[in-house]
$ cat entry_1.txt   # compact mmCIF, C-alpha atoms and all ligand atoms
# COMPACT_ATOMS: atom_id res chain seq x y z
CA MET A 8 -20.04 -30.34 -5.89
CA LEU A 9 -18.83 -29.50 -9.41
CA ASP A 10 -19.91 -30.60 -12.86
CA MET A 11 -16.43 -31.59 -13.99
CA PRO A 12 -17.27 -32.35 -17.67
CA ALA A 13 -18.84 -28.88 -17.98
CA LEU A 14 -15.62 -27.30 -16.66
CA ASP A 15 -13.90 -28.82 -19.71
CA LEU A 16 -10.59 -29.21 -17.89
CA ARG A 17 -7.48 -28.75 -20.01
CA PRO A 18 -4.45 -30.62 -18.67
CA PHE A 19 -0.90 -29.37 -18.35
CA TYR A 20 2.04 -31.68 -19.10
CA SER A 21 2.74 -33.83 -16.03
CA GLY A 22 6.08 -32.44 -14.99
CA ALA A 23 8.03 -29.22 -15.06
CA LEU A 24 10.75 -27.45 -16.97
CA VAL A 25 13.41 -26.30 -14.54
CA ARG A 26 15.68 -23.39 -15.37
CA TYR A 27 19.07 -24.17 -13.92
CA GLY A 28 22.66 -23.46 -14.96
CA GLY A 29 21.53 -21.32 -17.92
CA ARG A 30 19.44 -24.17 -19.46
CA PHE A 31 16.03 -25.78 -19.19
CA HIS A 32 15.79 -29.33 -17.80
CA LYS A 33 12.64 -31.38 -18.01
CA VAL A 34 11.46 -33.16 -14.85
CA ALA A 35 8.74 -35.59 -15.94
CA ASP A 36 6.26 -37.60 -13.90
CA PRO A 37 7.49 -41.20 -14.40
CA TRP A 38 3.93 -42.59 -14.03
CA ARG A 39 2.49 -40.42 -16.79
CA GLN A 40 5.51 -39.55 -18.96
CA PRO A 41 7.79 -42.60 -18.47
CA LEU A 42 9.99 -42.04 -21.53
CA ASP A 43 10.67 -38.40 -20.69
CA ALA A 44 11.31 -39.38 -17.07
CA LEU A 45 13.84 -41.99 -18.20
CA ALA A 46 15.55 -39.43 -20.42
CA GLY A 47 15.77 -37.04 -17.45
CA LEU A 48 17.20 -39.54 -14.97
CA LEU A 49 20.67 -38.10 -15.21
CA SER A 50 19.67 -34.43 -15.29
CA PRO A 51 21.25 -32.13 -12.69
CA ILE A 52 17.85 -31.72 -11.01
CA GLY A 53 18.28 -34.14 -8.12
CA THR A 54 20.03 -37.47 -7.86
CA LEU A 55 18.79 -40.95 -8.81
CA ARG A 56 18.15 -41.59 -5.10
CA ASP A 57 15.96 -38.47 -4.96
CA LYS A 58 13.82 -39.82 -7.79
CA VAL A 59 13.38 -43.14 -5.98
CA LYS A 60 12.49 -41.29 -2.77
CA ILE A 61 9.87 -39.19 -4.57
CA GLY A 62 8.37 -42.44 -5.90
CA ARG A 63 8.24 -43.94 -2.39
CA LEU A 64 6.68 -40.81 -0.91
CA ARG A 65 4.10 -40.81 -3.69
CA SER A 66 3.13 -44.47 -3.04
CA ARG A 67 2.92 -43.86 0.71
CA LEU A 68 0.63 -40.88 0.26
CA LEU A 69 -1.56 -42.62 -2.30
CA GLU A 70 -2.04 -45.47 0.18
CA SER A 71 -2.99 -43.11 3.03
CA THR A 72 -6.53 -41.93 3.60
CA LEU A 73 -7.18 -38.20 3.69
CA GLU A 74 -7.97 -38.55 7.42
CA GLU A 75 -4.51 -40.08 7.98
CA ILE A 76 -2.92 -37.30 5.96
CA PHE A 77 -4.57 -34.62 8.11
CA ARG A 78 -3.59 -36.46 11.32
CA GLN A 79 0.14 -36.66 10.49
CA PRO A 80 2.62 -35.01 12.88
CA ASN A 81 2.24 -31.32 12.26
CA ILE A 82 5.76 -30.19 11.29
CA PRO A 83 6.97 -27.71 8.67
CA LEU A 84 7.63 -28.88 5.12
CA HIS A 85 11.36 -28.05 5.23
CA GLU A 86 11.73 -30.56 8.10
CA VAL A 87 9.85 -33.20 6.13
CA LEU A 88 12.18 -32.79 3.15
CA HIS A 89 15.16 -33.13 5.49
CA GLU A 90 13.66 -36.20 7.21
CA GLU A 91 12.95 -37.87 3.86
CA GLY A 92 16.64 -37.40 3.00
CA PHE A 93 16.25 -35.38 -0.20
CA SER A 94 19.47 -33.91 -1.59
CA PRO A 95 20.02 -30.13 -1.67
CA SER A 96 19.97 -30.23 -5.47
CA ILE A 97 16.40 -31.57 -5.70
CA ILE A 98 15.24 -29.29 -2.89
CA GLU A 99 16.75 -26.08 -4.26
CA ARG A 100 16.21 -26.72 -7.96
CA PHE A 101 12.81 -28.41 -7.96
CA LEU A 102 10.95 -28.91 -4.65
CA ARG A 103 11.47 -25.40 -3.28
CA PRO A 104 10.37 -23.49 -6.41
CA PHE A 105 7.53 -25.95 -7.03
CA PHE A 106 6.03 -25.82 -3.52
CA SER A 107 6.83 -22.10 -3.15
CA GLY A 108 4.55 -21.62 -6.13
CA VAL A 109 1.81 -23.63 -4.42
CA PHE A 110 2.09 -22.23 -0.88
CA LEU A 111 3.40 -18.78 -1.92
CA GLU A 112 6.36 -18.87 0.49
CA ARG A 113 10.01 -19.79 -0.08
CA SER A 114 10.94 -20.88 3.45
CA LEU A 115 8.73 -23.98 3.19
CA GLU A 116 7.26 -23.38 6.64
CA THR A 117 3.85 -24.68 5.57
CA SER A 118 2.53 -27.67 7.49
CA ARG A 119 3.35 -31.19 6.39
CA ARG A 120 -0.37 -31.95 6.35
CA LEU A 121 -1.09 -29.45 3.60
CA PHE A 122 2.00 -30.55 1.68
CA ALA A 123 0.92 -34.21 1.90
CA PHE A 124 -2.61 -33.37 0.77
CA VAL A 125 -1.43 -31.29 -2.19
CA PHE A 126 1.28 -33.82 -3.16
CA ARG A 127 -1.32 -36.56 -3.14
CA MET A 128 -3.67 -34.53 -5.31
CA PHE A 129 -0.90 -33.96 -7.85
CA ALA A 130 -0.18 -37.71 -7.85
CA GLN A 131 -3.83 -38.69 -8.06
CA GLY A 132 -5.15 -36.32 -10.71
CA ILE A 133 -4.17 -34.06 -13.53
CA THR A 134 -3.05 -30.45 -13.21
CA ALA A 135 -5.56 -28.53 -15.25
CA LEU A 136 -7.40 -25.30 -15.99
CA PRO A 137 -11.08 -24.94 -16.93
CA ALA A 138 -11.30 -24.08 -20.64
CA ASN A 139 -13.15 -20.83 -19.97
CA GLY A 140 -11.36 -19.56 -16.88
CA MET A 141 -11.22 -20.26 -13.15
CA GLU A 142 -14.35 -18.19 -12.60
CA THR A 143 -16.42 -20.96 -14.19
CA ILE A 144 -15.93 -22.84 -10.88
CA SER A 145 -17.63 -20.14 -8.81
CA GLU A 146 -20.20 -19.54 -11.54
CA GLN A 147 -21.21 -23.20 -11.34
CA LEU A 148 -21.58 -23.04 -7.57
CA ALA A 149 -23.55 -19.80 -7.72
CA ALA A 150 -25.87 -21.11 -10.46
CA GLY A 151 -27.23 -23.77 -8.10
CA LEU A 152 -28.06 -21.36 -5.29
CA ARG A 153 -31.24 -19.61 -4.26
CA PRO A 154 -31.36 -16.70 -3.75
CA ARG A 155 -28.96 -15.68 -6.48
CA ILE A 156 -25.57 -14.35 -5.42
CA GLN A 157 -25.14 -10.70 -6.18
CA PRO A 158 -21.51 -9.97 -7.08
CA SER A 159 -19.74 -6.73 -6.19
CA ALA A 160 -21.83 -6.18 -3.08
CA MET A 161 -19.67 -4.84 -0.27
CA VAL A 162 -20.04 -5.91 3.36
CA THR A 163 -19.74 -2.75 5.38
CA THR A 164 -20.52 -3.89 8.95
CA VAL A 165 -21.21 -6.93 11.06
CA ASP A 166 -23.52 -5.77 13.76
CA GLY A 167 -24.52 -8.50 16.19
CA THR A 168 -25.82 -11.20 13.90
CA GLU A 169 -26.30 -8.84 10.98
CA VAL A 170 -23.78 -8.82 8.11
CA ILE A 171 -24.75 -5.60 6.44
CA LEU A 172 -24.42 -4.98 2.71
CA SER A 173 -25.41 -1.93 0.77
CA SER A 174 -27.78 -4.27 -1.10
CA GLY A 175 -29.20 -5.74 2.12
CA GLU A 176 -27.78 -9.25 1.46
CA ARG A 177 -25.68 -11.21 3.99
CA VAL A 178 -22.16 -12.47 3.27
CA VAL A 179 -18.68 -12.42 4.82
CA GLY A 180 -15.65 -11.82 2.64
CA ASP A 181 -12.04 -13.04 2.73
CA ALA A 182 -10.06 -13.67 5.92
CA PRO A 183 -8.72 -10.14 6.59
CA ALA A 184 -12.13 -8.64 5.78
CA ALA A 185 -13.85 -11.13 8.09
CA ILE A 186 -11.33 -10.36 10.86
CA ARG A 187 -11.86 -6.61 10.46
CA LEU A 188 -15.60 -7.00 10.50
CA VAL A 189 -15.85 -9.62 13.26
CA PRO A 190 -13.50 -8.67 16.11
CA GLU A 191 -13.65 -12.01 17.98
CA LEU A 192 -11.95 -13.84 15.08
CA HIS A 193 -8.23 -14.44 15.49
CA SER A 194 -6.24 -12.96 12.65
CA PRO A 195 -4.49 -15.46 10.35
CA LEU A 196 -1.50 -14.06 8.49
CA SER A 197 -1.67 -14.06 4.72
CA ARG A 198 0.70 -14.82 1.87
CA SER A 199 0.92 -12.38 -1.03
CA VAL A 200 1.67 -12.91 -4.68
CA VAL A 201 2.02 -10.88 -7.85
CA CYS A 202 0.81 -12.25 -11.19
CA LEU A 203 2.10 -10.58 -14.37
CA TYR A 204 0.67 -11.30 -17.79
CA PHE A 205 2.16 -10.81 -21.26
CA ALA A 206 0.81 -11.40 -24.78
CA ALA A 207 3.48 -13.11 -26.89
CA PRO A 208 3.30 -13.32 -30.71
CA GLN A 209 5.00 -16.76 -30.60
CA LEU A 210 5.02 -19.59 -28.07
CA PRO A 211 8.15 -19.38 -25.92
CA ILE A 212 7.97 -23.09 -24.96
CA GLU A 213 6.90 -26.09 -27.01
CA GLU A 214 4.81 -27.94 -24.46
CA PRO A 215 2.11 -26.83 -22.01
CA ILE A 216 4.36 -27.17 -19.00
CA LEU A 217 5.07 -25.33 -15.75
CA VAL A 218 8.43 -23.53 -15.84
CA LEU A 219 10.28 -23.28 -12.51
CA ASN A 220 13.15 -21.03 -11.56
CA GLY A 221 15.70 -23.48 -10.12
CA GLU A 222 18.53 -20.92 -10.07
CA GLY A 223 17.56 -19.39 -6.72
CA GLN A 224 17.98 -15.86 -8.12
CA GLY A 225 15.71 -13.31 -9.73
CA LEU A 226 12.13 -12.30 -9.11
CA ILE A 227 10.33 -15.01 -11.07
CA ASN A 228 9.35 -18.13 -9.14
CA ASN A 229 7.42 -19.86 -11.90
CA MET A 230 5.67 -19.20 -15.21
CA CYS A 231 3.48 -20.95 -17.72
CA VAL A 232 1.55 -20.32 -20.93
CA PRO A 233 -2.10 -21.09 -20.04
CA SER A 234 -3.30 -20.43 -23.60
CA GLN A 235 -1.35 -23.49 -24.77
CA ILE A 236 -4.07 -25.62 -23.18
CA ALA A 237 -6.94 -23.11 -23.15
CA PRO A 238 -6.65 -20.66 -26.08
CA ASN A 239 -9.49 -18.48 -24.69
CA TYR A 240 -7.12 -17.22 -22.01
CA ALA A 241 -5.06 -15.17 -24.51
CA PRO A 242 -5.84 -12.05 -26.55
CA PRO A 243 -6.47 -13.00 -30.23
CA ASP A 244 -3.49 -14.36 -32.18
CA THR A 245 -1.16 -14.34 -29.21
CA ALA A 246 -0.02 -16.65 -26.43
CA LEU A 247 -0.73 -15.64 -22.83
CA VAL A 248 2.38 -15.80 -20.64
CA SER A 249 1.64 -15.90 -16.91
CA VAL A 250 4.48 -15.09 -14.51
CA THR A 251 4.41 -15.52 -10.73
CA VAL A 252 6.44 -13.37 -8.32
CA LEU A 253 6.13 -14.29 -4.66
CA GLY A 254 5.36 -11.80 -1.89
CA ASP A 255 4.72 -8.10 -2.26
CA PRO A 256 7.88 -6.62 -3.80
CA PRO A 257 8.50 -2.89 -3.18
CA GLU A 258 9.04 -2.04 -6.88
CA ASP A 259 6.17 -0.31 -8.69
CA ASP A 260 4.41 -2.22 -11.48
CA ARG A 261 6.58 -0.68 -14.21
CA GLU A 262 9.87 -1.56 -12.45
CA LEU A 263 8.56 -5.02 -11.68
CA GLU A 264 7.63 -5.58 -15.32
CA GLN A 265 11.11 -4.46 -16.43
CA SER A 266 12.93 -6.75 -13.98
CA VAL A 267 10.71 -9.69 -14.89
CA ARG A 268 11.13 -8.99 -18.60
CA ALA A 269 14.93 -8.90 -18.21
CA GLN A 270 14.86 -12.31 -16.53
CA LEU A 271 12.54 -13.70 -19.22
CA ALA A 272 14.87 -12.32 -21.92
CA ASP A 273 17.71 -14.24 -20.30
CA TRP A 274 15.58 -17.39 -20.50
CA PHE A 275 13.93 -16.99 -23.92
CA GLY A 276 16.09 -14.47 -25.78
CA LYS A 277 15.18 -11.55 -28.05
CA GLN A 278 11.55 -12.59 -28.66
CA VAL A 279 10.69 -11.28 -25.17
CA GLY A 280 11.19 -7.72 -26.47
CA GLN A 281 8.03 -8.25 -28.59
CA TRP A 282 5.85 -9.40 -25.71
CA ARG A 283 3.09 -6.94 -24.86
CA PHE A 284 2.71 -6.29 -21.15
CA LEU A 285 -0.96 -6.82 -20.26
CA ARG A 286 -1.54 -6.59 -16.51
CA CYS A 287 0.07 -6.86 -13.12
CA TYR A 288 -2.18 -8.13 -10.32
CA ARG A 289 -0.95 -7.69 -6.75
CA ILE A 290 -2.88 -10.07 -4.52
CA PRO A 291 -2.09 -9.15 -0.91
CA ASN A 292 -4.18 -11.86 0.79
CA ALA A 293 -3.72 -14.59 -1.77
CA LEU A 294 -3.57 -17.47 0.74
CA PRO A 295 -3.73 -17.81 4.51
CA CYS A 296 -0.44 -18.87 6.15
CA GLN A 297 -0.67 -22.56 6.96
CA GLN A 298 2.28 -23.07 9.28
CA PRO A 299 1.91 -25.92 11.80
CA GLU A 300 1.06 -23.64 14.74
CA MET A 301 -1.51 -21.75 12.66
CA ILE A 302 -3.26 -24.95 11.59
CA GLU A 303 -3.54 -25.96 15.25
CA LYS A 304 -5.33 -22.69 16.00
CA ILE A 305 -8.09 -23.08 13.41
CA PRO A 306 -11.32 -23.43 15.42
CA GLU A 307 -13.58 -26.37 14.57
CA THR A 308 -16.80 -24.44 14.74
CA VAL A 309 -18.32 -22.63 11.78
CA ARG A 310 -20.90 -20.89 13.97
CA LEU A 311 -19.53 -17.69 15.47
CA ARG A 312 -22.65 -16.49 17.19
CA SER A 313 -26.30 -17.25 16.89
CA GLY A 314 -27.13 -16.47 13.28
CA LEU A 315 -23.52 -15.75 12.22
CA PHE A 316 -21.47 -18.38 10.36
CA ILE A 317 -18.02 -18.24 8.84
CA CYS A 318 -16.32 -20.11 6.00
CA GLY A 319 -13.30 -19.78 3.72
CA ASP A 320 -9.94 -21.41 2.98
CA HIS A 321 -8.56 -19.87 6.22
CA ARG A 322 -10.94 -22.10 8.22
CA GLU A 323 -9.93 -25.38 6.57
CA ASN A 324 -6.90 -25.44 4.28
CA ALA A 325 -5.45 -23.08 1.70
CA THR A 326 -6.89 -24.65 -1.44
CA ILE A 327 -10.06 -24.35 -3.49
CA ASN A 328 -10.98 -27.73 -2.05
CA GLY A 329 -10.46 -26.43 1.50
CA ALA A 330 -12.60 -23.36 0.76
CA MET A 331 -15.38 -25.59 -0.61
CA VAL A 332 -15.23 -28.00 2.33
CA SER A 333 -15.49 -25.03 4.67
CA GLY A 334 -18.41 -23.55 2.72
CA ARG A 335 -20.20 -26.85 2.80
CA LYS A 336 -19.74 -27.19 6.58
CA ALA A 337 -21.13 -23.69 7.10
CA ALA A 338 -24.09 -24.38 4.81
CA GLU A 339 -24.86 -27.64 6.64
CA ALA A 340 -24.70 -25.82 9.98
CA VAL A 341 -27.13 -23.17 8.69
CA LEU A 342 -29.51 -25.90 7.51
CA GLN A 343 -29.54 -27.31 11.05
CA THR A 344 -30.58 -24.06 12.72
CA GLU A 345 -34.11 -23.85 14.08
CA SER A 346 -34.78 -20.55 12.33
CA PHE A 347 -33.75 -21.99 8.94
CA LYS A 348 -35.91 -25.07 9.45
CA ALA A 349 -38.86 -22.85 10.32
CA VAL A 350 -38.38 -20.63 7.25
CA ASP A 351 -37.86 -23.67 5.03
CA ALA A 352 -40.98 -25.39 6.36
CA ALA A 353 -43.02 -22.24 5.80
CA LYS A 354 -41.73 -21.96 2.22
CA ARG A 355 -42.54 -25.59 1.51
CA PHE A 356 -46.00 -25.13 2.96
CA ASN A 357 -46.64 -22.08 0.73
CA ASN A 358 -45.05 -23.63 -2.36
CA PRO A 359 -45.05 -27.44 -2.17
CA THR A 360 -43.19 -27.79 -5.54
C1 LIG B 1 -2.71 -16.71 -7.92
C2 LIG B 1 -3.41 -17.80 -7.14
C3 LIG B 1 -3.41 -19.08 -7.63
C4 LIG B 1 -4.07 -20.10 -6.92
N1 LIG B 1 -4.07 -21.36 -7.45
C5 LIG B 1 -4.74 -22.34 -6.81
C6 LIG B 1 -4.80 -23.65 -7.36
O1 LIG B 1 -4.25 -23.92 -8.43
N2 LIG B 1 -5.49 -24.60 -6.67
C7 LIG B 1 -6.11 -24.33 -5.49
O2 LIG B 1 -6.73 -25.22 -4.90
N3 LIG B 1 -6.06 -23.09 -4.94
C8 LIG B 1 -5.40 -22.09 -5.58
N4 LIG B 1 -5.36 -20.85 -5.02
C9 LIG B 1 -6.01 -20.63 -3.72
C10 LIG B 1 -7.51 -20.46 -3.89
O3 LIG B 1 -7.78 -19.49 -4.89
C11 LIG B 1 -8.12 -20.01 -2.54
O4 LIG B 1 -7.74 -20.92 -1.53
C12 LIG B 1 -9.64 -19.94 -2.63
O5 LIG B 1 -10.06 -19.12 -3.70
C13 LIG B 1 -10.20 -19.40 -1.32
O6 LIG B 1 -11.59 -19.29 -1.44
P1 LIG B 1 -12.39 -18.44 -0.39
O7 LIG B 1 -13.82 -18.49 -0.81
O8 LIG B 1 -12.03 -18.84 1.00
O9 LIG B 1 -11.82 -16.95 -0.53
P2 LIG B 1 -11.75 -16.02 -1.80
O10 LIG B 1 -11.76 -16.81 -3.08
O11 LIG B 1 -10.62 -15.08 -1.54
O12 LIG B 1 -13.14 -15.26 -1.74
C14 LIG B 1 -13.38 -14.24 -0.80
C15 LIG B 1 -14.29 -13.24 -1.47
O13 LIG B 1 -14.71 -12.27 -0.53
C16 LIG B 1 -14.76 -11.03 -1.18
N5 LIG B 1 -14.71 -9.97 -0.16
C17 LIG B 1 -13.69 -9.56 0.62
N6 LIG B 1 -14.08 -8.57 1.44
C18 LIG B 1 -15.38 -8.33 1.22
C19 LIG B 1 -16.35 -7.42 1.74
N7 LIG B 1 -16.09 -6.55 2.71
N8 LIG B 1 -17.62 -7.47 1.24
C20 LIG B 1 -17.95 -8.38 0.27
N9 LIG B 1 -17.07 -9.26 -0.26
C21 LIG B 1 -15.81 -9.23 0.20
C22 LIG B 1 -13.53 -11.03 -2.06
O14 LIG B 1 -13.67 -10.07 -3.09
C23 LIG B 1 -13.58 -12.47 -2.60
O15 LIG B 1 -14.35 -12.56 -3.77
C24 LIG B 1 -4.71 -19.81 -5.70
C25 LIG B 1 -4.72 -18.50 -5.21
C26 LIG B 1 -4.09 -17.50 -5.92
C27 LIG B 1 -4.12 -16.10 -5.39
$ encode --input "entry_1.txt" --output "structure tokens" --more "lines below"
Ligand SMILES: Cc1cc2nc3c(=O)[nH]c(=O)nc-3n(C[C@H](O)[C@H](O)[C@H](O)COP(=O)(O)OP(=O)(O)OC[C@H]3O[C@@H](n4cnc5c(N)ncnc54)[C@H](O)[C@@H]3O)c2cc1C
Amino acid sequence: MLDMPALDLRPFYSGALVRYGGRFHKVADPWRQPLDALAGLLSPIGTLRDKVKIGRLRSRLLESTLEEIFRQPNIPLHEVLHEEGFSPSIIERFLRPFFSGVFLERSLETSRRLFAFVFRMFAQGITALPANGMETISEQLAAGLRPRIQPSAMVTTVDGTEVILSSGERVVGDAPAAIRLVPELHSPLSRSVVCLYFAAPQLPIEEPILVLNGEGQGLINNMCVPSQIAPNYAPPDTALVSVTVLGDPPEDDRELEQSVRAQLADWFGKQVGQWRFLRCYRIPNALPCQQPEMIEKIPETVRLRSGLFICGDHRENATINGAMVSGRKAAEAVLQTESFKAVDAAKRFNNPT
């Protein structure tokens, strides 16, 4: 669905820098960064056996089809990690912070199916950002649509088959909004996240790499410097530091910034005092919960009532890919409706080009 070259994807380093025991340890992808992976074999982030097991899991998932992945026994991720025999050191120092950052939950209750899908995607492709921001993805999708999407139009009511906007257009928003507006939908729980941004005069890390908190303490789960790969992300002459805090902490933005800054100062030293705090975004419904029992409850149908269709990551899986698959299913269902075919035929008759 996307014009990938036009997104101008900028790749991150294939691996992570794990903060543990007061130091940073590099965990490199042995398929893409073999020398770094070799150098890290004896790091305290997991045992040699763990590294072999990760390799085996990777091969198994790359050999599976996506259909097989989504048919796997539906158990929580923490059970999978136990079953695979990973050591506590790789779980606590690497796998938990890494997948907490992806699924926005530390208990690793998310379904094995989503884990397997995401793990396979990380193995199969690069981890990247579009050069000009994530919004270029939705801009591309919107550019191909008629009629044009009108942003910032609020849905106020769903009345029968009518989704009513102030502008008169018809859309349904995110999961909680859709649930509020359409009472017969079951309510999926959501995961929350807070993203804090700083402008740093100097780069705190040498490589464009994800930094994980492997210490199990402190508010920060992960951080990165997106402007290292896509300079447009930062204010002029600075580096953009992006910090992720899971959940919806009770502290106000100022207190949160101070606690996060103190942790960053422990990691990167005095330079953190010069970082300019830019913004704190609290995202209450960042992702739908995707625990095994929740996945089982997702209805197959995209048609709620005659003339009313639903889509979103909460109807498929909690990724951009899931949201797009769901959108495509809903669009295909709309195209199949008699009323759409009639309107389409009339349009073609009036304007054959
Ligand atoms: C910080 C963060 C990082 C992420 N990173 C990744 C990643 O690296 N890879 C990945 O695959 N996924 C990632 N995700 C998840 C991904 O962003 C979502 O799964 C995806 O955007 C869901 O798309 P959607 O269209 O279902 O919902 P959304 O993108 O949430 O879109 C719903 C839209 O509805 C609008 N809306 C809500 N209520 C109303 C209303 N009443 N009237 C009109 N409009 C309304 C909202 O403003 C919003 O624009 C991330 C999510 C977050 C929060």
$ closest_residue --input "entry_1.txt" --among "A:Ser346, A:Thr163, A:Thr308, A:Gln209" --to "ligand LIG 1 (chain B)" --atoms "only C-alpha atoms and all ligand atoms"
A:Thr163
$ axis_aligned_box --input "entry_1.txt" --around "stretch 146-162 of chain A" --padding-each-side "6 Å" --output "AutoDock Vina command-line options"
--center_x -25.5 --center_y -14.3 --center_z -4.1 --size_x 23.7 --size_y 30.9 --size_z 26.9
$ residues_around --input "entry_1.txt" --residues "A:Ala338" --least-positions-apart "4" --cutoff "10 Å" --atoms "all atoms listed in the file" --output "MDAnalysis selection string"
chainID A and resid 309 316:318 332:334 342:343
$ atom_distance --input "entry_1.txt" --atom1 "atom CA of A:Thr134" --atom2 "atom CA of A:Asp43"
17.5 Å
$ residues_around --input "entry_1.txt" --residues "stretch 265-267 of chain A" --least-positions-apart "3" --cutoff "12 Å" --atoms "all atoms listed in the file" --output "PyMOL selection string"
chain A and resi 201-205+224-230+248-252+256+258-262+270-274+279-280+282-284+287
$ closest_residue --input "entry_1.txt" --among "A:Gly151, A:Pro104, A:Pro295, A:Gly22" --to "ligand LIG 1 (chain B)" --atoms "all atoms listed in the file"
A:Pro295
$ atom_distance --input "entry_1.txt" --atom1 "atom CA of A:Thr117" --atom2 "atom CA of A:Ala340"
28.9 Å
$ closest_residue --input "entry_1.txt" --among "A:Met11, A:Met331, A:Leu69, A:Ile82" --to "A:Glu300" --atoms "only C-alpha atoms"
A:Ile82
$ closest_residue --input "entry_1.txt" --among "A:Glu142, A:Asp36, A:Asp351, A:Glu91" --to "ligand LIG 1 (chain B)" --atoms "all atoms listed in the file"
A:Glu142
$ residues_near_point --input "entry_1.txt" --point "(-20.2, -22.9, -11.3)" --cutoff "12 Å" --atoms "all atoms listed in the file" --output "list of chain:residue names"
A:Met8, A:Leu9, A:Asp10, A:Met11, A:Pro12, A:Ala13, A:Leu14, A:Pro137, A:Asn139, A:Gly140, A:Met141, A:Glu142, A:Thr143, A:Ile144, A:Ser145, A:Glu146, A:Gln147, A:Leu148, A:Ala149, A:Ala150, A:Gly151, A:Leu152, A:Ile156
